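Next up, input_5.txt (compact mmCIF, C-alpha atoms):
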```txt
# COMPACT_ATOMS: atom_id res chain seq x y z
CA MET I 1 0.00 0.00 0.00
CA GLN I 2 1.38 3.38 -0.96
CA ALA I 3 2.81 5.61 1.77
CA SER I 4 2.46 8.83 -0.17
CA PHE I 5 -0.23 10.62 -2.13
CA LEU I 6 -0.66 9.47 -5.70
CA LYS I 7 -1.37 12.20 -8.24
CA ILE I 8 -4.67 11.65 -10.05
CA ALA I 9 -5.10 15.00 -11.83
CA ASP I 10 -4.22 18.68 -11.47
CA ASP I 11 -3.59 19.22 -7.72
CA LEU I 12 -5.75 16.16 -6.96
CA TYR I 13 -4.16 13.28 -5.02
CA ARG I 14 -5.26 10.06 -3.33
CA LEU I 15 -3.74 8.09 -0.48
CA ASP I 16 -4.88 4.48 -0.02
CA ILE I 17 -4.78 3.30 3.58
CA PRO I 18 -5.14 -0.33 4.76
CA PHE I 19 -8.52 -1.09 6.26
CA ASP I 20 -9.26 -4.64 7.34
CA HIS I 21 -8.14 -6.65 4.27
CA LEU I 22 -9.05 -3.75 1.95
CA PHE I 23 -8.11 -0.11 1.63
CA THR I 24 -9.92 3.13 2.27
CA SER I 25 -8.97 6.36 0.53
CA VAL I 26 -8.04 9.85 1.66
CA CYS I 27 -8.12 12.49 -1.07
CA LEU I 28 -6.25 15.78 -1.15
CA LEU I 29 -7.07 18.80 -3.26
CA ASP I 30 -3.91 20.83 -2.97
CA GLY I 31 -3.65 24.60 -3.16
CA GLU I 32 -3.47 27.75 -1.06
CA ASN I 33 -6.44 26.49 0.99
CA PRO I 34 -6.14 22.71 0.71
CA ILE I 35 -9.04 20.32 1.19
CA ILE I 36 -8.80 16.80 2.59
CA ILE I 37 -11.69 14.42 1.98
CA ASP I 38 -12.10 11.62 4.55
CA ALA I 39 -9.68 10.70 7.30
CA ALA I 40 -9.41 6.88 7.41
CA THR I 41 -10.11 4.95 10.59
CA THR I 42 -7.72 5.34 13.53
CA ARG I 43 -5.19 7.53 15.26
CA ALA I 44 -2.51 5.18 13.91
CA ASP I 45 -3.72 5.83 10.35
CA VAL I 46 -3.26 9.54 10.94
CA GLN I 47 0.09 9.31 12.68
CA SER I 48 1.78 6.69 10.52
CA ARG I 49 0.30 7.39 7.09
CA ILE I 50 -1.81 10.51 6.61
CA LEU I 51 0.36 13.00 8.49
CA PRO I 52 3.68 11.91 6.95
CA ALA I 53 2.11 12.03 3.48
CA LEU I 54 0.74 15.52 4.15
CA ARG I 55 4.12 16.68 5.45
CA ALA I 56 5.80 15.41 2.31
CA MET I 57 3.36 17.58 0.31
CA ARG I 58 3.99 20.52 2.71
CA VAL I 59 0.26 20.69 3.36
CA THR I 60 0.69 20.90 7.13
CA GLU I 61 2.19 24.37 6.70
CA ARG I 62 -1.16 25.73 5.52
CA SER I 63 -4.72 25.98 6.86
CA GLY I 64 -7.49 24.11 5.15
CA THR I 65 -10.70 22.13 5.47
CA LEU I 66 -11.49 18.51 6.19
CA LEU I 67 -14.63 17.12 4.54
CA LEU I 68 -16.23 13.74 5.16
CA THR I 69 -18.22 11.67 2.70
CA HIS I 70 -20.19 10.03 5.54
CA ARG I 71 -19.91 9.05 9.18
CA HIS I 72 -18.83 5.41 8.90
CA GLY I 73 -15.69 4.72 10.88
CA ASP I 74 -13.43 3.86 7.96
CA HIS I 75 -14.02 7.38 6.61
CA SER I 76 -14.48 9.51 9.72
CA GLY I 77 -12.69 7.59 12.48
CA GLY I 78 -9.42 9.45 11.99
CA ALA I 79 -11.05 12.89 11.81
CA PRO I 80 -10.65 13.99 15.46
CA PHE I 81 -7.02 12.86 15.48
CA LEU I 82 -6.26 14.63 12.20
CA LEU I 83 -7.83 17.87 13.46
CA GLU I 84 -5.85 17.45 16.68
CA VAL I 85 -2.54 17.58 14.79
CA LEU I 86 -3.81 20.25 12.38
CA PRO I 87 -5.35 22.73 14.85
CA SER I 88 -5.74 25.53 12.30
CA TRP I 89 -7.90 23.31 10.08
CA LYS I 90 -11.70 23.20 10.26
CA LEU I 91 -14.22 20.44 9.73
CA GLY I 92 -16.63 21.38 6.98
CA VAL I 93 -20.21 20.19 7.50
CA LEU I 94 -22.13 20.33 4.25
CA SER I 95 -25.57 18.82 3.86
CA SER I 96 -26.73 20.32 0.56
CA ASP I 97 -25.31 21.52 -2.72
CA LYS I 98 -22.74 24.15 -1.75
CA ASN I 99 -19.44 25.36 -3.08
CA LEU I 100 -16.25 25.37 -1.08
CA GLY I 101 -13.48 26.75 -3.21
CA ARG I 102 -13.00 24.33 -6.10
CA VAL I 103 -15.34 21.73 -4.60
CA THR I 104 -19.12 21.39 -4.93
CA ALA I 105 -20.74 19.26 -2.23
CA ILE I 106 -23.46 16.98 -3.59
CA PRO I 107 -25.86 14.85 -1.52
CA LEU I 108 -25.57 11.22 -2.68
CA GLY I 109 -27.72 9.32 -0.21
CA GLY I 110 -28.63 5.66 -0.21
CA HIS I 111 -25.64 3.93 1.36
CA THR I 112 -26.35 6.23 4.29
CA GLU I 113 -28.96 8.95 4.40
CA ASP I 114 -26.30 11.65 4.73
CA SER I 115 -23.72 10.38 2.21
CA MET I 116 -22.01 13.19 0.30
CA GLY I 117 -19.95 13.36 -2.86
CA TYR I 118 -17.58 16.16 -3.79
CA LEU I 119 -17.17 17.37 -7.35
CA ASP I 120 -13.80 18.93 -8.09
CA THR I 121 -14.81 21.67 -10.51
CA ARG I 122 -11.25 22.11 -11.75
CA THR I 123 -10.82 18.57 -13.03
CA GLY I 124 -14.42 17.38 -13.22
CA THR I 125 -13.64 14.53 -10.83
CA LEU I 126 -16.34 13.21 -8.52
CA LEU I 127 -14.98 12.01 -5.19
CA ALA I 128 -17.79 9.58 -4.52
CA GLY I 129 -16.98 7.97 -1.17
CA ASP I 130 -19.22 4.91 -0.83
CA ALA I 131 -22.13 6.42 -2.74
CA LEU I 132 -21.84 3.81 -5.50
CA GLN I 133 -21.99 0.40 -3.85
CA PHE I 134 -21.86 -2.10 -6.76
CA PHE I 135 -21.77 -5.59 -5.13
CA GLY I 136 -19.91 -4.23 -2.12
CA VAL I 137 -16.35 -5.04 -1.21
CA GLY I 138 -14.76 -7.95 0.64
CA LYS I 139 -16.95 -9.04 3.52
CA TYR I 140 -18.96 -5.83 3.24
CA GLY I 141 -21.81 -6.30 0.78
CA CYS I 142 -23.87 -3.72 -1.08
CA SER I 143 -25.05 -1.75 1.93
CA VAL I 144 -28.07 0.48 1.27
CA VAL I 145 -30.36 1.94 3.93
CA ASP I 146 -32.67 3.78 1.50
CA ALA I 147 -33.21 2.16 -1.90
CA SER I 148 -35.11 5.10 -3.38
CA LEU I 149 -32.32 7.47 -2.40
CA TYR I 150 -29.74 5.09 -3.84
CA GLU I 151 -31.50 4.96 -7.19
CA ALA I 152 -31.74 8.75 -7.19
CA THR I 153 -28.01 8.87 -6.51
CA LEU I 154 -27.27 6.61 -9.49
CA ALA I 155 -29.31 8.93 -11.70
CA ARG I 156 -27.75 12.06 -10.29
CA VAL I 157 -24.18 10.88 -10.75
CA ALA I 158 -24.99 10.04 -14.37
CA SER I 159 -26.52 13.51 -14.89
CA LEU I 160 -23.35 15.15 -13.55
CA ALA I 161 -21.36 13.52 -16.37
CA PRO I 162 -18.06 13.80 -14.46
CA ASN I 163 -14.74 13.42 -16.22
CA ALA I 164 -13.63 10.93 -13.56
CA ILE I 165 -15.04 9.10 -10.54
CA LEU I 166 -13.00 8.09 -7.50
CA PRO I 167 -14.84 5.73 -5.13
CA SER I 168 -13.25 5.13 -1.74
CA HIS I 169 -12.69 1.39 -2.19
CA ASP I 170 -12.07 -1.10 -4.98
CA PHE I 171 -15.65 -2.36 -5.17
CA ILE I 172 -16.61 -5.76 -6.59
CA GLY I 173 -18.31 -5.21 -9.93
CA GLY I 174 -16.97 -1.68 -10.06
CA SER I 175 -13.59 -0.06 -9.50
CA ALA I 176 -11.66 2.30 -7.25
CA ALA I 177 -11.20 4.70 -10.17
CA ALA I 178 -12.68 5.59 -13.54
CA ILE I 179 -10.74 8.15 -15.55
CA GLY I 180 -12.17 9.56 -18.77
CA GLN I 181 -15.65 9.32 -20.25
CA THR I 182 -15.29 5.75 -21.50
CA GLU I 183 -14.36 4.42 -18.06
CA VAL I 184 -16.94 6.64 -16.33
CA THR I 185 -19.71 5.37 -18.58
CA ALA I 186 -18.64 1.76 -17.97
CA LEU I 187 -18.52 2.33 -14.21
CA LEU I 188 -22.00 3.87 -14.11
CA ASP I 189 -23.37 1.06 -16.26
CA ALA I 190 -21.84 -1.42 -13.80
CA ALA I 191 -23.44 0.40 -10.86
CA ARG I 192 -26.88 0.18 -12.46
CA ILE I 193 -26.46 -3.45 -13.57
CA THR I 194 -25.27 -4.68 -10.18
CA TRP I 195 -28.10 -2.86 -8.42
CA GLU I 196 -30.72 -4.34 -10.72
CA GLU I 197 -29.32 -7.82 -10.09
CA ILE I 198 -29.47 -7.29 -6.34
CA LYS I 199 -33.00 -5.91 -6.50
CA SER I 200 -34.23 -8.72 -8.72
CA PHE I 201 -32.78 -11.30 -6.37
CA ILE I 202 -34.48 -9.77 -3.33
CA LEU I 203 -37.86 -9.23 -5.00
CA GLN I 204 -38.17 -12.83 -6.14
CA PHE I 205 -38.93 -13.78 -2.53
CA PRO I 206 -42.34 -13.22 -0.95
CA THR I 207 -42.35 -10.12 1.23
CA ASP I 208 -43.02 -12.19 4.36
CA THR I 209 -39.78 -14.15 3.88
CA ASP I 210 -37.36 -13.54 6.74
CA PRO I 211 -34.69 -11.10 5.47
CA PHE I 212 -31.98 -13.37 6.84
CA GLU I 213 -33.32 -16.24 4.74
CA VAL I 214 -32.80 -14.01 1.68
CA VAL I 215 -29.29 -13.25 2.94
CA ARG I 216 -28.54 -16.97 3.31
CA ALA I 217 -29.90 -17.73 -0.16
CA TRP I 218 -27.69 -15.03 -1.67
CA LYS I 219 -24.64 -16.44 0.09
CA ALA I 220 -25.43 -19.94 -1.17
CA GLU I 221 -26.02 -18.88 -4.77
CA ARG I 222 -23.54 -16.01 -5.17
CA THR I 223 -20.51 -17.65 -3.61
CA ALA I 224 -17.99 -15.45 -5.45
CA LEU I 225 -19.61 -12.19 -4.33
CA PRO I 226 -19.68 -10.30 -1.03
CA PRO I 227 -22.59 -11.07 1.31
CA LEU I 228 -25.96 -9.32 1.03
CA PRO I 229 -26.78 -7.19 4.11
CA SER I 230 -30.22 -7.61 5.63
CA THR I 231 -30.53 -3.81 5.71
CA THR I 232 -30.41 -3.79 1.92
CA VAL I 233 -33.12 -6.46 1.74
CA LYS I 234 -35.35 -4.32 3.99
CA ALA I 235 -34.59 -1.15 2.04
CA VAL I 236 -35.49 -2.72 -1.30
CA ARG I 237 -38.73 -4.14 0.07
CA LYS I 238 -39.72 -0.78 1.58
CA ALA I 239 -39.11 1.03 -1.71
CA ASN I 240 -41.19 -1.55 -3.61
CA GLN I 241 -44.19 -1.81 -1.31
```
Structure translated into structure tokens:
Amino acid sequence: MQASFLKIADDLYRLDIPFDHLFTSVCLLDGENPIIIDAATTRADVQSRILPALRAMRVTERSGTLLLTHRHGDHSGGAPFLLEVLPSWKLGVLSSDKNLGRVTAIPLGGHTEDSMGYLDTRTGTLLAGDALQFFGVGKYGCSVVDASLYEATLARVASLAPNAILPSHDFIGGSAAAIGQTEVTALLDAARITWEEIKSFILQFPTDTDPFEVVRAWKAERTALPPLPSTTVKAVRKANQ
């Protein structure tokens, strides 16, 4: 796993940090007022990986803003420790479409109700967090708490027509990066296709079937894929009542 920020585009960098048997990403938009998006999981992540990488970029010498895509621990867990070592930085709390320098904050709910994406207006790159779930990743399946919101998110990301999309993980059925319109189109097609497969699987069962029975059936039939969370089963049923 890299120990320094990898350049993606003009003043846009990503640092991949080990999480469980996967990785979670921290993005940096460099400049006079830098922006960091997400903060990994632990104090150790901050001390041993994020802070040294920021120092190498000389970012710690400036004041900036930390933004979070959502409140799950692998994205926000390191936030208090990062702000502790960067006392002049502030935590930006954005819940609707707003501009912050070169970034536009965009609500992309579904995975969580408050999930946010950040569109870098300079490069046209959407920093998507976990907004696009595909089949999930590793032992973490496609986790959706609101299916209607998730479908709205898929449509909204497509309408944005970004030049690139950077999810936070290397999702099964998707990718950790799509650069250029061809890859972006393929990634969005994959997001829609995987979601339709998941929905179709869930809706084949009578609505009174125990959600965990659906989960077990998925595990038995889709052995090469991550598990199906019961929350997703419930969300799909609620949206299709």
request  = Calculate how many Å separate atom CA of Arg102 of chain I from atom CA of Thr121 of chain I, rounding to one decimal.
outcome  =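 Separation between atom CA of Arg102 of chain I and atom CA of Thr121 of chain I: 5.5 Å.
Between Asn33 of chain I and the candidates I:Leu68, I:Leu100, I:Leu83, I:Ala220, the tightest atom-to-atom separation, counting only C-alpha atoms, involves I:Leu100.
Summary of the local environment: counting only C-alpha atoms, residues at most 12 Å from segment 204-213 of chain I, other than itself and those fewer than 6 positions away along its chain, are Glu197, Ile198, Lys219, Ala220, Pro227, Leu228, Pro229, Ser230, Thr231, Thr232, Val233, Lys234, Ala235, Val236, Arg237, Lys238, Ala239, Asn240 and Gln241 of chain I.
Between Ala161 of chain I and the residues I:Leu188, I:Ile8, I:Ala177, I:Val145, the shortest atom-to-atom distance, using all atoms listed in the file, involves I:Leu188.
Take the candidates I:Leu86, I:Val137, I:Cys142, I:Ala147 and check each one against Phe19 of chain I using all atoms listed in the file; the shortest distance goes to I:Val137.
In this model, the gap between atom CA of Gly77 of chain I and atom CA of Leu160 of chain I comes to 29.1 Å.
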query = With only C-alpha atoms as the atoms that count, which of I:Arg156, I:His75, I:Phe81, I:Val144 lies nearest to Ile106 of chain I?
reply =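 Of all the options, I:Arg156 lies closest to Ile106 of chain I.
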Residues of segment 86-133 of chain I at most 6 Å from segment 148-155 of chain I: nearest atom pair and distance in Å, only C-alpha atoms, as a tab-separated table:
```
residue	atom	partner	partner_atom	distance
I:Leu108	CA	I:Thr153	CA	5.1
I:Gly109	CA	I:Leu149	CA	5.4
I:Gly110	CA	I:Tyr150	CA	3.8
```
ask   = Which is closer to Pro226 of chain I than all the others in I:Phe171, I:Thr185, I:Phe201, I:Ala40, using all atoms listed in the file?
value =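 Of all the options, I:Phe171 lies closest to Pro226 of chain I.
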request  = Could you tell me which of I:Ala186, I:Leu126, I:Leu132, I:Ile179 comes closest to Pro162 of chain I if we count all atoms listed in the file?
outcome  = I:Leu126
